[in-house]
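Participant: The structure under discussion is supplied below as structure tokens; questions concerning it will follow.
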Amino acid sequence: MRDLIRWVVTRKENTKNAARDRLQMALMRDRMDLSPDVINALKIDLLAVMSQYLVVGEEFQEFGIRRLDESVFLVSNIRVKELPRATTN
Amino acid sequence: MTGRTIVITSGKGGVGKTTTTANIGTGLAMRGHHVVVIDTDIGLRNLDIVMGLENRIVYDLVDIIEGKCKMHQGMIRDKNKLELFLIPAAQTRDKNCINPEQMREMCAKLEREFDYVLIDCPAGIEQGFKNAIAAAQEAILVTTPEVSAIRDADRVIGLLESEGLHRPRLIINRIRPGMVKRGDMMDKDDITELLAIDILGMVPADDRLIIATNQGVPVIYDKRAPSGAAFSRIAARIDGDDIPLMDLEPKNGIMDKVKVIMGINRGAYSHA
């Protein structure tokens with residue numbers, strides 16, 4: 001009852017949602033800082049996979065975890081030196 | 001015998017690691033186990049005073065590691081004659097005077113004599129943290145339902161993972177059921193979802209815990225303390241009992257309010 005009165009009087013939003021949402025963003029940011037070891041291992045594996053399909057440069061032009069609004073993206077650019085001929089239509 | 005070495009850690013200071021260590025240690029000893037608790041907060045020791053053993057210290061952790069005393073001389077027995085022993089931290093040294101390898105060696109010896117070796121970890125993620133987690137096979141993470149403590153806990157989970165301590169279990173300390181009910185405090189679902197780990201237990205904020213700690217008595221001895229009951233259940237779960245989590249409910253019957261006003265019901269919360 002007291003809660004109801006308070007709600008009617010103040011109409012204040014529950015603060016736990018603010019805490020949870022702010023934390024969610026903060027943790028996302030914190031976790032984006034992958035360790036250099038992990039970044040390197042990921043690069044090596046990606047290069048190996050791409051080399052099965054394309055001839056690519058030895059280094060990524062750009063490589064990083066970026067945030068756009070509420071989502072996280074892996075953004076990477078690499079030069080393609082040779083494209084294979086199409087084998088299917 | 002091969003004991004289990006468990007580190008109690010948090011990242012952030014002041015969330016209740018030491019109190020948790022003292023109570024879980026006591027709880028496991030009350031269940032008949034041989035338990036040793038180790039304070040690794042060198043320079044800022046506190047497990048001794050929380051357990052009421054501060055006047056009995058002769059030797060400490062650093063003395064044992066440096067070979068200045070025998071292992072048994074450095075262990076203080078619990079006041080209630082349980083099979084519970086404390087290895088206090090050195091007060092006038094710093095965290096760099098021991099290393100992870102020495103901790104591993106010491107704990108390997110202790111595991112031959114004890115069922116449980118509990119390590120109270122210092123706050124932070126520097127040398128003291130590294131020493132504390134080195135010997136552990138399991139980790140318990142203590143947090144409170146606050147943004148700062150949870151954020152630090154997330155960081156620590158990553159660091160534990162990189163040291164091979166997978167799946168730490170979470171204790172949420174100082175929950176205030178009334179605030180959770182009003183939507184002004186994150187509940188266990190919010191927190192376990194954010195951290196993506198399993199929960200070991202929840203401990204309600206409890207005036208009786210402060211009163212017990214004032215006297216150097218683990219609150220687990222206080223039969224009327226909701227926090228003590230919560231710690232008993234946590235100890236049982238660590239020991240392998242399958243006890244379901246209880247939802248914390250604020251006491252808000254009319255008689256409880258009267259009791260609170262009269263100062264009789266100092267605990268204020270029923271379940272834990």
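Scheme for the structure tokens: letters A, B, ... for chains in order shown; per-chain residue numbers from 1; ligand numbers from 1 in order shown.
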Starting from chain B, keep only residues with some atom at most 12 Å from an atom of chain A, counting only C-alpha atoms, and report them as a VMD selection string.
Facilitator: chain B and resid 145 to 159 162 178 to 196 252
Participant: Just the helix (DSSP H, G or I) stuff from chain A, please, per backbone DSSP, written as a ChimeraX atom specification.
Facilitator: /A:2-10,15-32,36-51
Participant: Atom CA of B:His34 and atom CA of B:Ala108 are how many Å apart?
Facilitator: 15.1 Å
Participant: For A:Ser76, which residue among A:Met25, A:Leu54, A:Leu34, A:Gly64 is the nearest when counting only C-alpha atoms?
Facilitator: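 Of all the options, A:Gly64 lies closest to A:Ser76.
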Participant: Which is closest to B:Tyr116 among B:Ile38, B:Leu47, B:Val203, B:Leu209, if we use only C-alpha atoms?
Facilitator: B:Ile38
Participant: Just asking: which residues within stretch 88-211 of chain B are strand (DSSP E) according to DSSP, as a list in words?
Facilitator: Tyr116, Val117, Leu118, Ile119, Asp120, Glu138, Ala139, Ile140, Leu141, Val142, Thr143, Arg169, Leu170, Ile171, Ile172, Asn173, Arg174, Ile175, Ile199, Leu200, Gly201, Met202, Val203 and Pro204 of chain B
Participant: Find the residues around A:Phe63 up to 7 Å (only C-alpha atoms counted), leave out those fewer than 3 positions away in its own chain, and share them as a ChimeraX atom specification.
Facilitator: /A:60,75-77
Participant: Pick out the closest residue to A:Gly57 from this set: A:Ile39, A:Val80, A:Leu74, A:Asp45. Count only C-alpha atoms.
Facilitator: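 The shortest atom-to-atom distance to A:Gly57 comes from A:Val80.
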